[in-house]
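my_file_2.cif, holding mmCIF, N, CA and C atoms:
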data_target
#
loop_
_atom_site.label_atom_id
_atom_site.label_comp_id
_atom_site.auth_asym_id
_atom_site.auth_seq_id
_atom_site.Cartn_x
_atom_site.Cartn_y
_atom_site.Cartn_z
N MET A 1 -25.28 -3.98 2.07
CA MET A 1 -26.02 -4.82 1.15
C MET A 1 -25.50 -6.25 1.18
N ALA A 2 -24.19 -6.40 1.28
CA ALA A 2 -23.61 -7.74 1.30
C ALA A 2 -24.03 -8.49 2.56
N LYS A 3 -24.16 -7.75 3.66
CA LYS A 3 -24.59 -8.40 4.91
C LYS A 3 -26.02 -8.90 4.80
N ALA A 4 -26.87 -8.12 4.15
CA ALA A 4 -28.27 -8.54 3.98
C ALA A 4 -28.36 -9.77 3.09
N VAL A 5 -27.56 -9.82 2.04
CA VAL A 5 -27.56 -10.99 1.16
C VAL A 5 -27.04 -12.21 1.91
N HIS A 6 -26.01 -12.00 2.71
CA HIS A 6 -25.43 -13.10 3.49
C HIS A 6 -26.45 -13.65 4.49
N LEU A 7 -27.13 -12.76 5.21
CA LEU A 7 -28.13 -13.20 6.18
C LEU A 7 -29.33 -13.85 5.47
N GLY A 8 -29.69 -13.34 4.31
CA GLY A 8 -30.77 -13.96 3.54
C GLY A 8 -30.42 -15.37 3.09
N ALA A 9 -29.16 -15.56 2.74
CA ALA A 9 -28.72 -16.90 2.34
C ALA A 9 -28.78 -17.86 3.51
N TRP A 10 -28.39 -17.41 4.69
CA TRP A 10 -28.48 -18.27 5.88
C TRP A 10 -29.93 -18.58 6.22
N PHE A 11 -30.82 -17.60 6.03
CA PHE A 11 -32.24 -17.83 6.27
C PHE A 11 -32.78 -18.91 5.33
N LEU A 12 -32.43 -18.80 4.05
CA LEU A 12 -32.88 -19.80 3.08
C LEU A 12 -32.29 -21.17 3.39
N LEU A 13 -31.06 -21.21 3.85
CA LEU A 13 -30.46 -22.49 4.24
C LEU A 13 -31.22 -23.11 5.40
N GLY A 14 -31.65 -22.29 6.37
CA GLY A 14 -32.46 -22.80 7.48
C GLY A 14 -33.80 -23.33 7.03
N CYS A 15 -34.42 -22.64 6.07
CA CYS A 15 -35.70 -23.11 5.52
C CYS A 15 -35.51 -24.44 4.79
N ILE A 16 -34.43 -24.56 4.04
CA ILE A 16 -34.17 -25.79 3.31
C ILE A 16 -33.90 -26.94 4.27
N ALA A 17 -33.11 -26.68 5.30
CA ALA A 17 -32.79 -27.74 6.27
C ALA A 17 -34.05 -28.19 7.01
N SER A 18 -34.88 -27.23 7.41
CA SER A 18 -36.11 -27.59 8.11
C SER A 18 -37.07 -28.34 7.19
N SER A 19 -37.15 -27.96 5.93
CA SER A 19 -37.99 -28.68 4.97
C SER A 19 -37.47 -30.09 4.76
N PHE A 20 -36.16 -30.26 4.73
CA PHE A 20 -35.56 -31.58 4.55
C PHE A 20 -35.90 -32.48 5.73
N VAL A 21 -35.82 -31.94 6.94
CA VAL A 21 -36.16 -32.73 8.13
C VAL A 21 -37.63 -33.13 8.10
N ALA A 22 -38.50 -32.20 7.71
CA ALA A 22 -39.93 -32.52 7.62
C ALA A 22 -40.20 -33.55 6.53
N TRP A 23 -39.48 -33.46 5.42
CA TRP A 23 -39.64 -34.43 4.34
C TRP A 23 -39.21 -35.82 4.78
N LEU A 24 -38.09 -35.89 5.51
CA LEU A 24 -37.66 -37.18 6.04
C LEU A 24 -38.70 -37.76 7.00
N GLY A 25 -39.30 -36.89 7.81
CA GLY A 25 -40.35 -37.35 8.72
C GLY A 25 -41.57 -37.86 7.99
N ALA A 26 -41.84 -37.34 6.81
CA ALA A 26 -42.99 -37.80 6.03
C ALA A 26 -42.70 -39.12 5.32
N LEU A 27 -41.43 -39.47 5.16
CA LEU A 27 -41.08 -40.70 4.44
C LEU A 27 -41.37 -41.97 5.23
N HIS A 28 -41.07 -41.94 6.52
CA HIS A 28 -41.15 -43.18 7.31
C HIS A 28 -41.61 -42.84 8.72
N PRO A 29 -42.43 -43.70 9.35
CA PRO A 29 -42.92 -43.41 10.70
C PRO A 29 -41.79 -43.28 11.74
N ALA A 30 -40.73 -44.05 11.59
CA ALA A 30 -39.62 -43.94 12.55
C ALA A 30 -38.92 -42.59 12.42
N LEU A 31 -38.81 -42.09 11.20
CA LEU A 31 -38.19 -40.79 10.99
C LEU A 31 -39.10 -39.65 11.44
N PHE A 32 -40.41 -39.91 11.53
CA PHE A 32 -41.34 -38.89 12.03
C PHE A 32 -41.01 -38.54 13.47
N ARG A 33 -40.65 -39.54 14.26
CA ARG A 33 -40.26 -39.28 15.65
C ARG A 33 -38.96 -38.50 15.71
N VAL A 34 -38.03 -38.84 14.84
CA VAL A 34 -36.76 -38.10 14.79
C VAL A 34 -37.01 -36.65 14.40
N MET A 35 -37.94 -36.44 13.49
CA MET A 35 -38.28 -35.07 13.09
C MET A 35 -38.76 -34.26 14.28
N TRP A 36 -39.63 -34.85 15.09
CA TRP A 36 -40.13 -34.11 16.25
C TRP A 36 -39.03 -33.87 17.27
N VAL A 37 -38.11 -34.80 17.42
CA VAL A 37 -36.98 -34.58 18.33
C VAL A 37 -36.14 -33.40 17.85
N VAL A 38 -35.89 -33.33 16.55
CA VAL A 38 -35.10 -32.23 16.00
C VAL A 38 -35.82 -30.90 16.22
N TYR A 39 -37.14 -30.87 15.97
CA TYR A 39 -37.89 -29.63 16.18
C TYR A 39 -37.96 -29.24 17.66
N ILE A 40 -38.12 -30.20 18.53
CA ILE A 40 -38.17 -29.89 19.97
C ILE A 40 -36.82 -29.39 20.46
N MET A 41 -35.74 -30.02 19.98
CA MET A 41 -34.41 -29.56 20.38
C MET A 41 -34.11 -28.17 19.82
N SER A 42 -34.59 -27.88 18.61
CA SER A 42 -34.41 -26.54 18.04
C SER A 42 -35.17 -25.50 18.85
N GLY A 43 -36.39 -25.84 19.24
CA GLY A 43 -37.17 -24.94 20.08
C GLY A 43 -36.53 -24.71 21.43
N ALA A 44 -35.98 -25.78 22.02
CA ALA A 44 -35.30 -25.63 23.30
C ALA A 44 -34.04 -24.77 23.15
N GLY A 45 -33.33 -24.97 22.04
CA GLY A 45 -32.14 -24.14 21.78
C GLY A 45 -32.50 -22.67 21.63
N LEU A 46 -33.61 -22.39 20.95
CA LEU A 46 -34.06 -21.00 20.82
C LEU A 46 -34.46 -20.41 22.17
N ALA A 47 -35.13 -21.21 23.00
CA ALA A 47 -35.52 -20.72 24.33
C ALA A 47 -34.29 -20.43 25.18
N ILE A 48 -33.30 -21.31 25.12
CA ILE A 48 -32.06 -21.08 25.88
C ILE A 48 -31.33 -19.85 25.34
N ALA A 49 -31.33 -19.67 24.01
CA ALA A 49 -30.68 -18.50 23.42
C ALA A 49 -31.38 -17.21 23.86
N LEU A 50 -32.70 -17.25 24.00
CA LEU A 50 -33.42 -16.06 24.47
C LEU A 50 -33.16 -15.79 25.95
N LEU A 51 -33.05 -16.85 26.75
CA LEU A 51 -32.82 -16.66 28.18
C LEU A 51 -31.39 -16.24 28.50
N THR A 52 -30.44 -16.65 27.68
CA THR A 52 -29.03 -16.33 27.96
C THR A 52 -28.48 -15.32 26.95
N ASP A 53 -29.32 -14.42 26.50
CA ASP A 53 -28.89 -13.50 25.45
C ASP A 53 -27.75 -12.58 25.89
N ASP A 54 -27.72 -12.19 27.15
CA ASP A 54 -26.65 -11.30 27.61
C ASP A 54 -25.28 -11.98 27.61
N ALA A 55 -25.25 -13.29 27.80
CA ALA A 55 -23.98 -14.01 27.81
C ALA A 55 -23.56 -14.46 26.41
N VAL A 56 -24.52 -14.78 25.57
CA VAL A 56 -24.20 -15.34 24.24
C VAL A 56 -23.89 -14.24 23.24
N ARG A 57 -24.57 -13.13 23.33
CA ARG A 57 -24.42 -12.06 22.33
C ARG A 57 -22.99 -11.52 22.24
N PRO A 58 -22.29 -11.24 23.35
CA PRO A 58 -20.90 -10.78 23.22
C PRO A 58 -19.98 -11.85 22.63
N PHE A 59 -20.27 -13.13 22.90
CA PHE A 59 -19.45 -14.20 22.35
C PHE A 59 -19.56 -14.24 20.83
N LEU A 60 -20.77 -13.98 20.30
CA LEU A 60 -20.98 -13.97 18.86
C LEU A 60 -20.61 -12.63 18.22
N LYS A 61 -20.33 -11.62 19.06
CA LYS A 61 -19.95 -10.27 18.61
C LYS A 61 -21.03 -9.65 17.72
N LEU A 62 -22.28 -9.76 18.19
CA LEU A 62 -23.41 -9.19 17.46
C LEU A 62 -24.02 -8.07 18.27
N SER A 63 -24.58 -7.09 17.58
CA SER A 63 -25.34 -6.07 18.30
C SER A 63 -26.68 -6.67 18.73
N GLU A 64 -27.35 -5.99 19.63
CA GLU A 64 -28.61 -6.52 20.15
C GLU A 64 -29.68 -6.70 19.06
N PRO A 65 -29.90 -5.71 18.18
CA PRO A 65 -30.90 -5.93 17.12
C PRO A 65 -30.51 -7.06 16.16
N ASP A 66 -29.22 -7.19 15.86
CA ASP A 66 -28.79 -8.27 14.98
C ASP A 66 -29.00 -9.63 15.62
N TYR A 67 -28.76 -9.72 16.93
CA TYR A 67 -28.93 -10.99 17.63
C TYR A 67 -30.40 -11.42 17.64
N TYR A 68 -31.28 -10.48 17.95
CA TYR A 68 -32.70 -10.82 17.96
C TYR A 68 -33.23 -11.08 16.55
N ALA A 69 -32.70 -10.37 15.56
CA ALA A 69 -33.09 -10.65 14.17
C ALA A 69 -32.66 -12.06 13.78
N LEU A 70 -31.49 -12.48 14.23
CA LEU A 70 -31.02 -13.83 13.95
C LEU A 70 -31.93 -14.87 14.59
N LEU A 71 -32.32 -14.65 15.84
CA LEU A 71 -33.21 -15.59 16.52
C LEU A 71 -34.58 -15.65 15.84
N ILE A 72 -35.08 -14.51 15.42
CA ILE A 72 -36.37 -14.48 14.73
C ILE A 72 -36.27 -15.20 13.40
N ALA A 73 -35.18 -14.99 12.68
CA ALA A 73 -34.99 -15.67 11.38
C ALA A 73 -34.90 -17.18 11.57
N ILE A 74 -34.23 -17.63 12.62
CA ILE A 74 -34.14 -19.07 12.88
C ILE A 74 -35.52 -19.64 13.19
N ALA A 75 -36.27 -18.94 14.03
CA ALA A 75 -37.61 -19.42 14.39
C ALA A 75 -38.53 -19.47 13.16
N VAL A 76 -38.48 -18.44 12.34
CA VAL A 76 -39.34 -18.40 11.16
C VAL A 76 -38.93 -19.47 10.16
N SER A 77 -37.64 -19.70 10.01
CA SER A 77 -37.21 -20.73 9.05
C SER A 77 -37.63 -22.13 9.52
N ILE A 78 -37.61 -22.37 10.82
CA ILE A 78 -38.07 -23.65 11.35
C ILE A 78 -39.57 -23.82 11.12
N VAL A 79 -40.32 -22.77 11.36
CA VAL A 79 -41.77 -22.84 11.16
C VAL A 79 -42.11 -23.02 9.68
N LEU A 80 -41.45 -22.26 8.81
CA LEU A 80 -41.73 -22.37 7.38
C LEU A 80 -41.34 -23.74 6.85
N GLY A 81 -40.23 -24.27 7.29
CA GLY A 81 -39.82 -25.60 6.86
C GLY A 81 -40.74 -26.67 7.40
N GLY A 82 -41.22 -26.51 8.61
CA GLY A 82 -42.14 -27.47 9.21
C GLY A 82 -43.50 -27.48 8.54
N MET A 83 -43.83 -26.43 7.82
CA MET A 83 -45.10 -26.39 7.10
C MET A 83 -45.16 -27.48 6.05
N LEU A 84 -44.01 -27.91 5.56
CA LEU A 84 -43.99 -28.99 4.58
C LEU A 84 -44.62 -30.26 5.14
N SER A 85 -44.35 -30.52 6.41
CA SER A 85 -44.95 -31.71 7.05
C SER A 85 -46.46 -31.59 7.09
N TRP A 86 -46.96 -30.40 7.35
CA TRP A 86 -48.40 -30.20 7.39
C TRP A 86 -49.00 -30.29 5.98
N LEU A 87 -48.29 -29.73 5.00
CA LEU A 87 -48.81 -29.73 3.64
C LEU A 87 -48.86 -31.14 3.04
N ILE A 88 -47.91 -31.99 3.42
CA ILE A 88 -47.91 -33.34 2.86
C ILE A 88 -48.89 -34.23 3.63
N GLY A 89 -49.37 -33.75 4.75
CA GLY A 89 -50.36 -34.52 5.51
C GLY A 89 -49.76 -35.44 6.52
N GLY A 90 -48.54 -35.17 6.97
CA GLY A 90 -47.86 -36.02 7.95
C GLY A 90 -48.23 -35.64 9.28
#
Representation of the structure as structure tokens:
Amino acid sequence: MAKAVHLGAWFLLGCIASSFVAWLGALHPALFRVMWVVYIMSGAGLAIALLTDDAVRPFLKLSEPDYYALLIAIAVSIVLGGMLSWLIGG
């Protein structure tokens, strides 16, 4: 149960961070470009994590389902946080 609460807290932190980046992008046109750079780099990091899963997973000492659950949670938190940019009309 403690592990689920811990992972849920990290998921919410990812949603908050992604929402903050989208909010900054909505504030100023120059920050909008920075927002897209952050999202593109996050997407590239997720793609690299998926391609190198056999090398990264033992380093993090995670089981295979936990590793993929972590990647899915990161992707979903980025998408949910990025929805703020769409909702504000940026």
Taking 6 positions as the minimum chain separation for residues in the same chain, which residues sit within 8 Å of A:Leu13 when counting all atoms listed in the file? Answer as JSON, numbers by chain. {"A": [7, 19, 77]}
For a test of reading the model, state the distance in Å between atom CA of A:Leu12 and atom CA of A:Ile78, rounded to one decimal. 10.5 Å
Show me, as a VMD selection string, the residues that have an atom within 12 Å of A:Val79 when counting only C-alpha atoms, minus same-chain residues fewer than 5 positions from it. chain A and resid 11 14 to 19 21 to 22 39 to 40 42 to 43 72 to 74 84 to 86
One number please: atom N of A:Ala9 to atom N of A:Gly25, in Å, one decimal.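 One can read the atom N of A:Ala9 to atom N of A:Gly25 distance as 24.2 Å.
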Could you tell me how far atom CA of A:Trp36 sits from atom CA of A:Gly82, in Å to one decimal place?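 Spanning atom CA of A:Gly82 to atom CA of A:Trp36 is a straight-line distance of 9.9 Å.
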Please provide as a list of chain:residue names all residues within 8 Å of A:Leu46, with the sequence filter that same-chain residues fewer than 5 positions apart are discarded (counting only N, CA and C atoms). A:Ile40, A:Met41, A:Leu51, A:Thr52, A:Leu71, A:Ile74, A:Ala75
Please supply stretch 23-38 of chain A, rebuilt with N, CA, C and O atoms, as a JSON list (two decimals), in the frame of the given file.
[["chain", "number", "residue", "atom", "x", "y", "z"],
["A", 23, "TRP", "N", -39.48, -33.46, 5.42],
["A", 23, "TRP", "CA", -39.64, -34.43, 4.34],
["A", 23, "TRP", "C", -39.21, -35.82, 4.78],
["A", 23, "TRP", "O", -39.86, -36.80, 4.48],
["A", 24, "LEU", "N", -38.09, -35.89, 5.51],
["A", 24, "LEU", "CA", -37.66, -37.18, 6.04],
["A", 24, "LEU", "C", -38.70, -37.76, 7.00],
["A", 24, "LEU", "O", -38.94, -38.96, 7.02],
["A", 25, "GLY", "N", -39.30, -36.89, 7.81],
["A", 25, "GLY", "CA", -40.35, -37.35, 8.72],
["A", 25, "GLY", "C", -41.57, -37.86, 7.99],
["A", 25, "GLY", "O", -42.28, -38.74, 8.49],
["A", 26, "ALA", "N", -41.84, -37.34, 6.81],
["A", 26, "ALA", "CA", -42.99, -37.80, 6.03],
["A", 26, "ALA", "C", -42.70, -39.12, 5.32],
["A", 26, "ALA", "O", -43.63, -39.82, 4.92],
["A", 27, "LEU", "N", -41.43, -39.47, 5.16],
["A", 27, "LEU", "CA", -41.08, -40.70, 4.44],
["A", 27, "LEU", "C", -41.37, -41.97, 5.23],
["A", 27, "LEU", "O", -41.85, -42.95, 4.68],
["A", 28, "HIS", "N", -41.07, -41.94, 6.52],
["A", 28, "HIS", "CA", -41.15, -43.18, 7.31],
["A", 28, "HIS", "C", -41.61, -42.84, 8.72],
["A", 28, "HIS", "O", -41.21, -41.81, 9.28],
["A", 29, "PRO", "N", -42.43, -43.70, 9.35],
["A", 29, "PRO", "CA", -42.92, -43.41, 10.70],
["A", 29, "PRO", "C", -41.79, -43.28, 11.74],
["A", 29, "PRO", "O", -41.90, -42.48, 12.67],
["A", 30, "ALA", "N", -40.73, -44.05, 11.59],
["A", 30, "ALA", "CA", -39.62, -43.94, 12.55],
["A", 30, "ALA", "C", -38.92, -42.59, 12.42],
["A", 30, "ALA", "O", -38.49, -42.00, 13.42],
["A", 31, "LEU", "N", -38.81, -42.09, 11.20],
["A", 31, "LEU", "CA", -38.19, -40.79, 10.99],
["A", 31, "LEU", "C", -39.10, -39.65, 11.44],
["A", 31, "LEU", "O", -38.63, -38.54, 11.70],
["A", 32, "PHE", "N", -40.41, -39.91, 11.53],
["A", 32, "PHE", "CA", -41.34, -38.89, 12.03],
["A", 32, "PHE", "C", -41.01, -38.54, 13.47],
["A", 32, "PHE", "O", -41.04, -37.37, 13.85],
["A", 33, "ARG", "N", -40.65, -39.54, 14.26],
["A", 33, "ARG", "CA", -40.26, -39.28, 15.65],
["A", 33, "ARG", "C", -38.96, -38.50, 15.71],
["A", 33, "ARG", "O", -38.79, -37.60, 16.54],
["A", 34, "VAL", "N", -38.03, -38.84, 14.84],
["A", 34, "VAL", "CA", -36.76, -38.10, 14.79],
["A", 34, "VAL", "C", -37.01, -36.65, 14.40],
["A", 34, "VAL", "O", -36.38, -35.73, 14.95],
["A", 35, "MET", "N", -37.94, -36.44, 13.49],
["A", 35, "MET", "CA", -38.28, -35.07, 13.09],
["A", 35, "MET", "C", -38.76, -34.26, 14.28],
["A", 35, "MET", "O", -38.33, -33.13, 14.49],
["A", 36, "TRP", "N", -39.63, -34.85, 15.09],
["A", 36, "TRP", "CA", -40.13, -34.11, 16.25],
["A", 36, "TRP", "C", -39.03, -33.87, 17.27],
["A", 36, "TRP", "O", -39.00, -32.81, 17.91],
["A", 37, "VAL", "N", -38.11, -34.80, 17.42],
["A", 37, "VAL", "CA", -36.98, -34.58, 18.33],
["A", 37, "VAL", "C", -36.14, -33.40, 17.85],
["A", 37, "VAL", "O", -35.73, -32.55, 18.64],
["A", 38, "VAL", "N", -35.89, -33.33, 16.55],
["A", 38, "VAL", "CA", -35.10, -32.23, 16.00],
["A", 38, "VAL", "C", -35.82, -30.90, 16.22],
["A", 38, "VAL", "O", -35.22, -29.91, 16.64]]
